[in-house]
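This is upload.cif. It holds mmCIF, C-alpha atoms.
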data_target
#
loop_
_atom_site.label_atom_id
_atom_site.label_comp_id
_atom_site.auth_asym_id
_atom_site.auth_seq_id
_atom_site.Cartn_x
_atom_site.Cartn_y
_atom_site.Cartn_z
CA MET A 1 102.69 106.94 93.74
CA ALA A 2 105.37 104.41 92.90
CA ASP A 3 104.00 101.11 91.71
CA LEU A 4 104.40 97.92 93.68
CA ASP A 5 105.87 94.61 92.72
CA LEU A 6 103.23 91.85 92.75
CA VAL A 7 103.96 88.22 93.62
CA THR A 8 101.17 85.65 93.20
CA PRO A 9 102.32 82.21 94.38
CA ALA A 10 100.12 79.26 93.44
CA THR A 11 101.18 76.80 96.16
CA SER A 12 101.91 77.00 99.88
CA ASP A 13 105.57 76.12 99.24
CA GLU A 14 105.90 78.89 96.65
CA ALA A 15 104.24 81.35 99.03
CA VAL A 16 106.62 80.58 101.88
CA ALA A 17 109.62 80.62 99.57
CA ALA A 18 108.56 83.96 98.07
CA LEU A 19 108.08 85.49 101.49
CA ARG A 20 111.60 84.49 102.55
CA THR A 21 113.14 86.39 99.66
CA LEU A 22 111.18 89.61 100.23
CA PRO A 23 112.26 92.27 102.76
CA PRO A 24 109.66 91.97 105.58
CA GLU A 25 109.38 95.69 106.29
CA GLU A 26 108.66 96.39 102.63
CA THR A 27 106.22 93.56 102.02
CA ALA A 28 102.45 93.58 102.48
CA ILE A 29 100.31 90.44 102.39
CA LEU A 30 97.21 90.80 100.24
CA ALA A 31 94.21 88.57 100.96
CA GLY A 32 90.83 90.18 100.11
CA GLY A 33 92.36 93.65 100.22
CA THR A 34 89.28 95.36 101.64
CA ASP A 35 91.29 96.85 104.52
CA LEU A 36 94.71 96.98 102.88
CA LEU A 37 93.46 99.06 99.94
CA PHE A 38 92.21 101.62 102.43
CA ASP A 39 95.82 102.16 103.50
CA LEU A 40 96.89 102.28 99.87
CA GLU A 41 94.27 104.96 99.16
CA GLU A 42 95.36 107.03 102.15
CA GLY A 43 99.02 106.77 101.19
CA ARG A 44 99.75 104.88 104.41
CA LEU A 45 101.07 101.74 102.76
CA SER A 46 104.85 101.84 102.78
CA ALA A 47 105.28 98.42 101.15
CA ARG A 48 107.08 97.98 97.84
CA HIS A 49 106.15 94.34 97.41
CA LEU A 50 102.71 92.81 97.50
CA LEU A 51 102.34 89.09 98.13
CA SER A 52 98.90 88.13 96.86
CA LEU A 53 97.28 84.99 98.29
CA ARG A 54 94.58 84.81 95.63
CA ARG A 55 95.89 81.78 93.72
CA LEU A 56 96.53 79.65 96.80
CA PRO A 57 94.17 76.71 97.37
CA TRP A 58 93.26 78.00 100.80
CA ARG A 59 89.58 78.85 100.26
CA THR A 60 88.49 75.87 102.26
CA LEU A 61 85.90 75.07 104.91
CA ASP A 62 86.15 71.70 106.60
CA TRP A 63 84.02 70.25 109.37
CA ASN A 64 85.65 67.33 111.15
CA GLY A 65 83.24 66.17 113.82
CA PRO A 66 82.70 69.20 116.07
CA THR A 67 85.78 71.05 114.73
CA LEU A 68 85.65 73.63 111.95
CA THR A 69 88.80 74.56 110.03
CA ILE A 70 88.54 77.63 107.83
CA GLY A 71 91.16 78.35 105.17
CA SER A 72 92.50 81.86 105.63
CA THR A 73 91.53 83.11 102.15
CA LEU A 74 87.96 81.80 102.17
CA PRO A 75 85.69 84.80 101.43
CA LEU A 76 83.60 85.69 104.47
CA ARG A 77 80.48 85.48 102.33
CA THR A 78 81.10 81.77 101.68
CA LEU A 79 81.51 81.20 105.41
CA GLU A 80 78.24 82.93 106.24
CA LEU A 81 76.30 80.92 103.66
CA ASP A 82 77.49 77.56 104.99
CA PRO A 83 74.35 75.94 106.43
CA GLU A 84 76.29 74.22 109.22
CA VAL A 85 77.93 77.45 110.35
CA ARG A 86 74.45 78.94 110.62
CA THR A 87 73.22 76.26 112.96
CA ARG A 88 76.36 75.12 114.77
CA LEU A 89 78.26 78.39 115.25
CA PRO A 90 75.63 81.14 115.28
CA GLY A 91 78.00 83.59 116.99
CA LEU A 92 80.48 83.22 114.13
CA LEU A 93 77.69 83.80 111.62
CA GLU A 94 76.68 87.03 113.38
CA GLY A 95 80.28 88.24 113.57
CA VAL A 96 80.79 87.64 109.87
CA ARG A 97 77.52 89.35 108.97
CA ALA A 98 78.63 92.42 110.92
CA VAL A 99 81.63 92.94 108.61
CA GLY A 100 81.01 95.53 105.89
CA SER A 101 78.46 94.80 103.20
CA VAL A 102 77.65 91.65 101.23
CA ALA A 103 79.74 92.95 98.30
CA LEU A 104 82.65 93.61 100.65
CA ARG A 105 82.33 90.13 102.15
CA HIS A 106 82.66 88.57 98.72
CA ARG A 107 86.32 89.59 98.96
CA ALA A 108 87.09 90.03 102.66
CA THR A 109 88.61 87.01 104.41
CA LEU A 110 88.94 85.65 107.94
CA GLY A 111 92.73 85.52 107.59
CA GLY A 112 92.82 89.12 106.45
CA ASN A 113 90.67 90.27 109.35
CA LEU A 114 92.94 88.49 111.85
CA GLY A 115 96.14 89.55 110.15
CA ARG A 116 95.12 93.20 110.07
CA SER A 117 93.85 92.98 113.66
CA ALA A 118 91.85 96.21 113.84
CA PRO A 119 90.72 97.17 117.37
CA ALA A 120 87.06 97.19 116.25
CA SER A 121 87.28 93.86 114.41
CA ASP A 122 83.96 92.00 114.56
CA LEU A 123 85.65 88.64 114.12
CA VAL A 124 88.41 88.73 116.73
CA PRO A 125 85.96 88.83 119.69
CA VAL A 126 83.94 85.96 118.24
CA LEU A 127 87.08 83.90 117.65
CA LEU A 128 88.24 84.65 121.21
CA ALA A 129 84.91 83.50 122.65
CA LEU A 130 85.09 80.32 120.56
CA ASP A 131 88.66 79.47 121.71
CA ALA A 132 89.82 79.59 118.09
CA GLU A 133 93.38 78.86 117.04
CA VAL A 134 95.46 80.31 114.23
CA GLU A 135 97.59 78.03 112.08
CA LEU A 136 100.69 79.83 110.85
CA LEU A 137 102.75 78.51 107.98
CA GLY A 138 106.45 79.37 107.92
CA PRO A 139 109.75 78.15 106.50
CA THR A 140 110.09 75.47 109.19
CA GLY A 141 106.52 74.23 109.01
CA THR A 142 103.37 75.16 110.84
CA ARG A 143 102.72 76.34 114.36
CA THR A 144 99.45 76.91 116.10
CA LEU A 145 98.62 79.77 118.45
CA SER A 146 95.43 80.69 120.26
CA VAL A 147 93.78 83.80 118.82
CA ASP A 148 94.28 85.34 122.28
CA ARG A 149 98.04 85.01 121.91
CA PHE A 150 98.07 85.80 118.21
CA VAL A 151 96.36 89.20 118.53
CA GLN A 152 98.75 91.39 120.49
CA GLY A 153 97.38 94.88 120.15
CA SER A 154 95.95 97.41 117.74
CA ARG A 155 97.12 96.15 114.36
CA ARG A 156 99.82 94.06 116.06
CA THR A 157 99.97 90.28 115.86
CA ALA A 158 102.38 87.45 116.65
CA ARG A 159 102.79 86.59 112.96
CA GLY A 160 106.47 86.27 112.20
CA PRO A 161 107.90 88.14 109.18
CA SER A 162 108.18 84.96 107.14
CA GLU A 163 104.87 83.45 108.25
CA LEU A 164 101.44 83.38 106.65
CA ILE A 165 98.08 82.71 108.27
CA ARG A 166 97.09 79.40 106.74
CA ALA A 167 93.87 78.59 108.58
CA VAL A 168 91.73 79.24 111.63
CA ARG A 169 90.45 76.33 113.69
CA ILE A 170 87.39 76.43 115.93
CA PRO A 171 87.52 73.44 118.26
CA GLU A 172 83.82 72.77 118.72
CA ALA A 173 80.35 73.82 117.67
CA ARG A 174 78.88 75.95 120.44
CA PRO A 175 75.84 77.93 121.44
CA SER A 176 77.24 81.40 120.82
CA ALA A 177 76.28 84.95 119.97
CA TYR A 178 77.73 88.25 118.86
CA VAL A 179 75.91 91.50 119.50
CA LEU A 180 77.06 95.02 118.82
CA GLN A 181 76.01 98.64 119.10
CA ARG A 182 76.54 100.85 116.09
CA VAL A 183 74.86 103.86 114.51
CA ARG A 184 73.48 102.21 111.37
CA PRO A 185 72.14 98.65 111.29
CA PHE A 186 74.22 97.61 108.29
CA HIS A 187 77.74 98.26 107.22
CA ASP A 188 78.97 100.30 110.16
CA ILE A 189 81.72 99.98 112.76
CA SER A 190 80.81 98.95 116.30
CA HIS A 191 80.93 101.30 119.27
CA MET A 192 80.87 98.33 121.58
CA ALA A 193 80.43 94.61 121.05
CA ILE A 194 80.16 91.43 123.10
CA ALA A 195 80.72 87.85 122.00
CA VAL A 196 79.76 84.87 124.17
CA SER A 197 79.88 81.12 123.85
CA PHE A 198 79.07 78.15 126.06
CA SER A 199 81.34 75.13 125.74
CA PRO A 200 79.47 71.83 125.85
CA SER A 201 82.70 70.05 126.82
CA ASP A 202 83.81 72.03 129.89
CA ARG A 203 80.34 73.49 130.63
CA ARG A 204 81.70 77.04 130.95
CA TRP A 205 80.95 80.36 129.29
CA ARG A 206 83.41 82.60 127.45
CA VAL A 207 82.83 86.34 127.24
CA ALA A 208 84.79 88.72 125.01
CA VAL A 209 84.28 92.47 124.72
CA ALA A 210 85.36 94.57 121.78
CA GLY A 211 84.97 97.80 119.87
CA PHE A 212 87.59 99.86 121.66
CA PRO A 213 91.40 99.94 121.54
CA PRO A 214 93.80 98.37 121.76
CA ARG A 215 92.20 94.99 121.06
CA PRO A 216 89.20 92.74 121.87
CA ILE A 217 89.67 90.88 125.16
CA LEU A 218 88.42 87.78 126.93
CA LEU A 219 86.99 88.32 130.42
CA PRO A 220 87.21 84.97 132.22
CA GLU A 221 86.15 86.36 135.62
CA ALA A 222 82.95 87.79 134.19
CA ALA A 223 82.28 84.51 132.42
CA THR A 224 82.39 82.58 135.71
CA PHE A 225 79.53 84.73 137.05
CA LEU A 226 77.33 83.36 134.27
CA GLY A 227 77.63 79.87 135.77
CA GLY A 228 75.94 77.00 133.93
CA GLU A 229 74.25 76.57 130.59
CA HIS A 230 71.18 78.67 131.38
CA PRO A 231 72.20 81.72 133.44
CA ASP A 232 69.35 83.42 135.27
CA ALA A 233 68.81 87.17 135.25
CA PRO A 234 70.78 87.85 138.48
CA ALA A 235 73.75 85.87 137.11
CA VAL A 236 73.78 87.92 133.91
CA LEU A 237 73.48 91.10 135.93
CA ARG A 238 76.44 90.14 138.14
CA ALA A 239 78.53 89.32 135.08
CA ALA A 240 77.55 92.65 133.50
CA GLN A 241 78.50 94.50 136.71
CA GLU A 242 81.85 92.78 136.76
CA ILE A 243 82.54 93.89 133.17
CA THR A 244 81.19 97.40 133.68
CA GLU A 245 83.31 97.95 136.76
CA ARG A 246 86.53 96.17 135.87
CA ALA A 247 86.99 95.76 132.13
CA PRO A 248 89.66 98.06 130.66
CA ILE A 249 87.13 99.95 128.53
CA VAL A 250 88.37 103.25 127.11
CA ALA A 251 87.12 106.09 124.92
CA ASP A 252 88.19 106.68 121.35
CA ARG A 253 86.89 108.82 118.51
CA ARG A 254 83.85 106.58 118.07
CA ALA A 255 82.44 106.55 121.59
CA SER A 256 83.09 107.69 125.16
CA GLU A 257 84.12 105.35 127.95
CA GLU A 258 80.96 106.10 129.94
CA TYR A 259 78.69 105.30 127.00
CA ARG A 260 80.51 102.04 126.40
CA ARG A 261 80.21 101.00 130.05
CA GLN A 262 76.48 101.72 129.93
CA LEU A 263 76.20 99.46 126.88
CA VAL A 264 77.65 96.44 128.69
CA ARG A 265 74.51 95.30 130.47
CA PRO A 266 72.04 95.48 127.56
CA LEU A 267 74.54 93.90 125.17
CA LEU A 268 75.40 91.07 127.55
CA GLU A 269 71.72 90.38 128.23
CA ARG A 270 71.01 90.20 124.50
CA ALA A 271 74.05 88.04 123.84
CA VAL A 272 73.21 85.47 126.54
CA ARG A 273 69.55 85.44 125.47
CA ALA A 274 70.55 84.83 121.84
CA ALA A 275 73.06 82.11 122.74
CA THR A 276 70.57 80.28 124.95
CA GLY A 277 67.94 80.23 122.25
CA GLY A 278 65.87 83.20 123.36
CA GLY A 279 66.55 85.33 120.30
CA GLY A 280 68.74 88.43 120.13
CA MET B 281 109.54 97.52 87.52
CA SER B 282 108.42 95.25 84.75
CA ALA B 283 105.18 95.75 82.83
CA HIS B 284 102.08 94.10 84.22
CA PRO B 285 99.84 92.78 81.45
CA LEU B 286 96.24 92.04 82.38
CA ARG B 287 93.62 89.82 80.77
CA LEU B 288 89.96 90.02 81.76
CA ARG B 289 86.59 89.30 80.29
CA VAL B 290 84.35 92.34 80.52
CA ASN B 291 80.67 92.08 79.62
CA GLY B 292 81.36 88.89 77.69
CA ARG B 293 84.27 90.21 75.64
CA PRO B 294 87.96 89.42 76.16
CA VAL B 295 90.07 92.40 77.16
CA GLU B 296 93.87 92.45 77.00
CA LEU B 297 95.80 95.35 78.48
CA ALA B 298 99.56 95.68 78.05
CA ASP B 299 100.48 97.27 81.35
CA VAL B 300 98.20 97.87 84.33
CA PRO B 301 100.00 99.08 87.46
CA VAL B 302 99.64 96.81 90.49
CA THR B 303 98.12 99.66 92.51
CA GLU B 304 95.38 100.37 89.95
CA ARG B 305 91.86 99.56 91.11
CA LEU B 306 89.41 97.72 88.95
CA LEU B 307 87.18 100.81 89.17
CA ASP B 308 89.84 102.93 87.45
CA THR B 309 90.58 100.29 84.83
CA LEU B 310 86.89 100.09 83.91
CA ARG B 311 86.31 103.83 83.81
CA GLY B 312 89.70 105.10 82.66
CA ARG B 313 90.99 102.46 80.27
CA LEU B 314 87.79 100.80 79.03
CA ASP B 315 85.60 103.93 79.09
CA LEU B 316 82.87 102.10 81.01
CA LYS B 317 81.74 105.14 82.97
CA GLY B 318 78.46 103.64 84.16
CA THR B 319 80.34 102.24 87.16
CA LYS B 320 80.52 105.19 89.55
CA GLU B 321 83.11 106.34 92.03
CA GLY B 322 81.53 107.39 95.32
CA CYS B 323 83.51 107.13 98.55
CA ARG B 324 86.40 105.07 97.18
CA THR B 325 86.67 103.32 100.55
CA GLY B 326 84.05 100.57 100.33
CA GLY B 327 81.33 102.49 102.13
CA CYS B 328 78.79 103.47 99.46
CA GLY B 329 78.45 100.66 96.91
CA ALA B 330 78.36 103.02 93.88
CA CYS B 331 81.26 101.12 92.28
CA THR B 332 79.65 97.66 92.58
CA VAL B 333 80.26 95.31 89.64
CA LEU B 334 80.02 91.54 89.32
CA VAL B 335 83.25 89.55 89.44
CA ASP B 336 82.52 85.97 88.40
CA GLY B 337 78.87 86.66 89.14
CA ARG B 338 79.37 88.00 92.67
CA SER B 339 78.72 91.60 93.72
CA THR B 340 82.13 93.20 94.30
CA LEU B 341 83.34 96.67 95.22
CA SER B 342 85.57 97.70 92.32
CA CYS B 343 87.13 100.46 94.44
CA LEU B 344 88.50 97.86 96.87
CA THR B 345 89.68 95.41 94.23
CA LEU B 346 93.01 95.72 92.47
CA ALA B 347 92.57 95.21 88.74
CA GLN B 348 95.39 92.65 88.78
CA GLU B 349 93.51 90.63 91.41
CA ALA B 350 90.65 90.26 88.92
CA ALA B 351 92.96 88.72 86.28
CA GLU B 352 91.20 86.11 84.15
CA ALA B 353 87.88 86.88 85.87
CA GLU B 354 84.55 87.57 84.19
CA ILE B 355 83.49 91.14 84.97
CA THR B 356 79.95 92.41 84.41
CA THR B 357 79.28 96.14 84.63
CA ILE B 358 76.05 98.13 84.33
CA GLU B 359 76.74 98.46 80.59
CA GLY B 360 76.51 94.68 80.20
CA VAL B 361 73.89 93.82 82.79
CA GLY B 362 70.91 94.32 80.46
CA SER B 363 71.84 91.24 78.45
CA ASP B 364 71.86 89.16 81.63
CA ALA B 365 68.53 87.56 82.58
CA GLU B 366 68.64 88.54 86.26
CA GLY B 367 70.15 91.92 85.47
CA HIS B 368 67.40 92.74 83.04
CA ARG B 369 64.76 91.85 85.62
CA VAL B 370 66.38 94.18 88.15
CA GLN B 371 66.48 97.03 85.62
CA ALA B 372 62.83 96.48 84.73
CA ALA B 373 61.84 96.42 88.41
CA PHE B 374 63.64 99.73 89.01
CA GLU B 375 61.96 101.27 86.00
CA ALA B 376 58.50 100.02 86.95
CA VAL B 377 58.50 101.72 90.36
CA GLY B 378 60.66 104.72 89.43
CA ALA B 379 63.47 103.76 91.80
CA VAL B 380 65.82 106.33 90.26
CA GLN B 381 66.26 110.01 90.91
CA CYS B 382 69.65 111.52 90.11
CA GLY B 383 70.84 108.07 89.07
CA TYR B 384 74.37 108.23 90.43
CA CYS B 385 73.92 105.33 92.83
CA THR B 386 71.64 103.35 90.52
CA PRO B 387 74.26 101.23 88.72
CA GLY B 388 75.61 100.07 92.07
CA PHE B 389 72.13 99.14 93.36
CA VAL B 390 71.31 97.29 90.13
CA MET B 391 74.56 95.34 90.24
CA ALA B 392 74.16 94.50 93.94
CA LEU B 393 70.64 93.11 93.45
CA THR B 394 71.66 91.27 90.28
CA GLY B 395 74.47 89.65 92.23
CA LEU B 396 72.07 88.60 94.99
CA LEU B 397 69.62 87.03 92.51
CA LYS B 398 72.48 85.08 90.93
CA GLU B 399 73.93 83.97 94.23
CA ARG B 400 70.83 83.23 96.27
CA GLY B 401 67.96 83.06 93.84
CA ALA B 402 65.07 85.45 93.99
CA ALA B 403 63.29 83.34 96.57
CA ALA B 404 65.86 84.25 99.23
CA PRO B 405 64.25 85.70 102.38
CA PHE B 406 63.45 89.39 101.96
CA GLY B 407 65.86 90.14 104.81
CA GLU B 408 68.67 89.07 102.50
CA PHE B 409 67.54 91.64 99.93
CA LEU B 410 67.64 94.35 102.59
CA GLU B 411 71.04 93.16 103.79
CA GLU B 412 72.37 93.35 100.23
CA LEU B 413 70.89 96.86 99.83
CA GLY B 414 72.52 97.84 103.13
CA GLY B 415 75.84 98.15 101.30
CA ASN B 416 74.60 100.87 98.94
CA LEU B 417 73.93 104.50 99.74
CA CYS B 418 71.40 106.72 97.96
CA ARG B 419 71.14 110.41 98.73
CA CYS B 420 67.89 111.27 96.98
CA THR B 421 65.29 108.53 96.70
CA GLY B 422 64.89 107.95 100.42
CA TYR B 423 65.20 104.25 99.54
CA GLY B 424 61.44 103.63 99.51
CA ALA B 425 61.15 102.98 95.78
CA ILE B 426 64.36 100.93 95.75
CA VAL B 427 63.02 98.68 98.50
CA ARG B 428 59.72 98.37 96.59
CA ALA B 429 61.66 97.31 93.49
CA ALA B 430 63.44 94.64 95.55
CA ALA B 431 60.13 93.45 97.01
CA ALA B 432 58.64 93.23 93.51
CA LEU B 433 61.61 91.16 92.32
CA ARG B 434 61.11 88.72 95.14
CA ALA B 435 57.33 88.52 94.63
CA GLU B 436 57.84 87.92 90.92
CA ALA B 437 60.27 85.08 91.58
CA ALA B 438 58.01 83.48 94.18
CA SER B 439 55.16 83.40 91.65
CA ARG B 440 57.19 81.61 88.98
#
As structure tokens, how would this structure be written, given the file I've shared?
Amino acid sequence: MADLDLVTPATSDEAVAALRTLPPEETAILAGGTDLLFDLEEGRLSARHLLSLRRLPWRTLDWNGPTLTIGSTLPLRTLELDPEVRTRLPGLLEGVRAVGSVALRHRATLGGNLGRSAPASDLVPVLLALDAEVELLGPTGTRTLSVDRFVQGSRRTARGPSELIRAVRIPEARPSAYVLQRVRPFHDISHMAIAVSFSPSDRRWRVAVAGFPPRPILLPEAATFLGGEHPDAPAVLRAAQEITERAPIVADRRASEEYRRQLVRPLLERAVRAATGGGG
Amino acid sequence: MSAHPLRLRVNGRPVELADVPVTERLLDTLRGRLDLKGTKEGCRTGGCGACTVLVDGRSTLSCLTLAQEAAEAEITTIEGVGSDAEGHRVQAAFEAVGAVQCGYCTPGFVMALTGLLKERGAAAPFGEFLEELGGNLCRCTGYGAIVRAAAALRAEAASR
């Protein structure tokens, strides 16, 4: 295998400048590398240049009132050990803990997970349910996109060729949960997953489903069936029926469509119970 | 392509290598160039934990880490873990309950638990020990003795 050329900028300006000089179709962005190296191993990485983000001062976690801003290269493990994340964004904590193993999360990053945008990402559904935004840094400055607009499909995003994911912003602390079905309890990929959150500012639920291609999706109609802060059993059942009957759930090599649709109700019940303080 | 020199500290000693390709994994540098064959290659895709080492004290999968990304870092492998206080305790706990059969996965388990003790302290909830162990596969012990070793480590720390 031909070797790659490695660029390791130390500042945001250097990173953007370096990216402008590299041919986009031959350049891969390296954050934690836990997904990218998989492609390298399988011979699927066609890049000739590697732009490593490891020296950038982006491993940050900042609470500003209710808002959390997470630097894109912060290791997921650091995020999960933040005591405020544990109490104020429990759904985010559960999404992070679902990614790989502890050792993997010492390297894996939120920016990398978003940038790679795998259909079974555990973090994209949580970020969707939390109305998170992505801050992109490019030659003309920064722009901000909702995660819903940023993630376009299986391994497709709205990141421009000369842009880098700088940070992810979660607008407010929320009751939230992430539950998933997988074969093994640790370190496995989901067959089906549901993320929920309840916004204290607009008093509405968000529901996202994930685990199947092409990408995790928000289901606003189902969320309206949940109603107010403490949905009763019939409300959860109606929301689950809406998802089971209408969500664009499909089969892939990990699970059949029928199995996934059957998982909707128990997963949604667990998610709402966990988010409303009843335990998962 | 120009040469890619690499400087690391491995088990407390400085290591300087003249040219390490960008695509080379830390696992291959340790085993192939430094002859530290205690770190094992299992799945090579981050699924088994056999290649776990410490990078700046944190459990890290050396199969999913480019050697160049560990530049200037402090690496601890199974060969060096015995001179580390936490590492020695983990080794002793494994020995006491016989948590080893074929031994192939053992270095990875020892490094993972050593990393957890360093990061969280031995008084971390036992669930955190199990979560850490969840990243490592063993095909012969059935995990029972390994979990007992972890439980003993936690009990020992709680009694200090």
Listed atoms of range 328-340 of chain B boxed along x, y and z, 4 Å each side, centre and edge lengths in Å, one decimal, as JSON:
{"center_x": 80.8, "center_y": 94.7, "center_z": 93.9, "size_x": 12.9, "size_y": 25.5, "size_z": 19.1}
Requested in this report: Neighbourhood query: residues within 12 Å of (99.0, 100.0, 87.6), file coordinates, counting all atoms listed in the file; return as a VMD selection string.
Outcome: (chain A and resid 1 to 6) or (chain B and resid 281 to 286 297 to 309 312 to 313 346 to 349)
Query raised in the report: With all atoms listed in the file as the atoms that count, which of A:Leu30, A:Leu263, A:Val102, A:Leu45 lies nearest to chain B?
Result: A:Val102
Give the residues of chain A that lie within 8 Å of chain B; count only C-alpha atoms, and format the answer as a PDB file with C-alpha atoms, in the coordinates of the input.
ATOM      1  CA  ASP A   3     104.000 101.110  91.710  1.00  0.00           C
ATOM      2  CA  LEU A   4     104.400  97.920  93.680  1.00  0.00           C
ATOM      3  CA  ASP A   5     105.870  94.610  92.720  1.00  0.00           C
ATOM      4  CA  LEU A   6     103.230  91.850  92.750  1.00  0.00           C
ATOM      5  CA  GLY A  32      90.830  90.180 100.110  1.00  0.00           C
ATOM      6  CA  GLY A  33      92.360  93.650 100.220  1.00  0.00           C
ATOM      7  CA  THR A  34      89.280  95.360 101.640  1.00  0.00           C
ATOM      8  CA  LEU A  37      93.460  99.060  99.940  1.00  0.00           C
ATOM      9  CA  PHE A  38      92.210 101.620 102.430  1.00  0.00           C
ATOM     10  CA  LEU A  40      96.890 102.280  99.870  1.00  0.00           C
ATOM     11  CA  GLU A  41      94.270 104.960  99.160  1.00  0.00           C
ATOM     12  CA  ARG A  54      94.580  84.810  95.630  1.00  0.00           C
ATOM     13  CA  GLY A 100      81.010  95.530 105.890  1.00  0.00           C
ATOM     14  CA  SER A 101      78.460  94.800 103.200  1.00  0.00           C
ATOM     15  CA  VAL A 102      77.650  91.650 101.230  1.00  0.00           C
ATOM     16  CA  ALA A 103      79.740  92.950  98.300  1.00  0.00           C
ATOM     17  CA  LEU A 104      82.650  93.610 100.650  1.00  0.00           C
ATOM     18  CA  HIS A 106      82.660  88.570  98.720  1.00  0.00           C
ATOM     19  CA  ARG A 107      86.320  89.590  98.960  1.00  0.00           C
ATOM     20  CA  PHE A 186      74.220  97.610 108.290  1.00  0.00           C
ATOM     21  CA  HIS A 187      77.740  98.260 107.220  1.00  0.00           C
TER      22      HIS A 187
END
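For the atom pair formed by CA of Arg273 in chain A and CA of Leu180 in chain A, the distance is 13.9 Å, given to one decimal.
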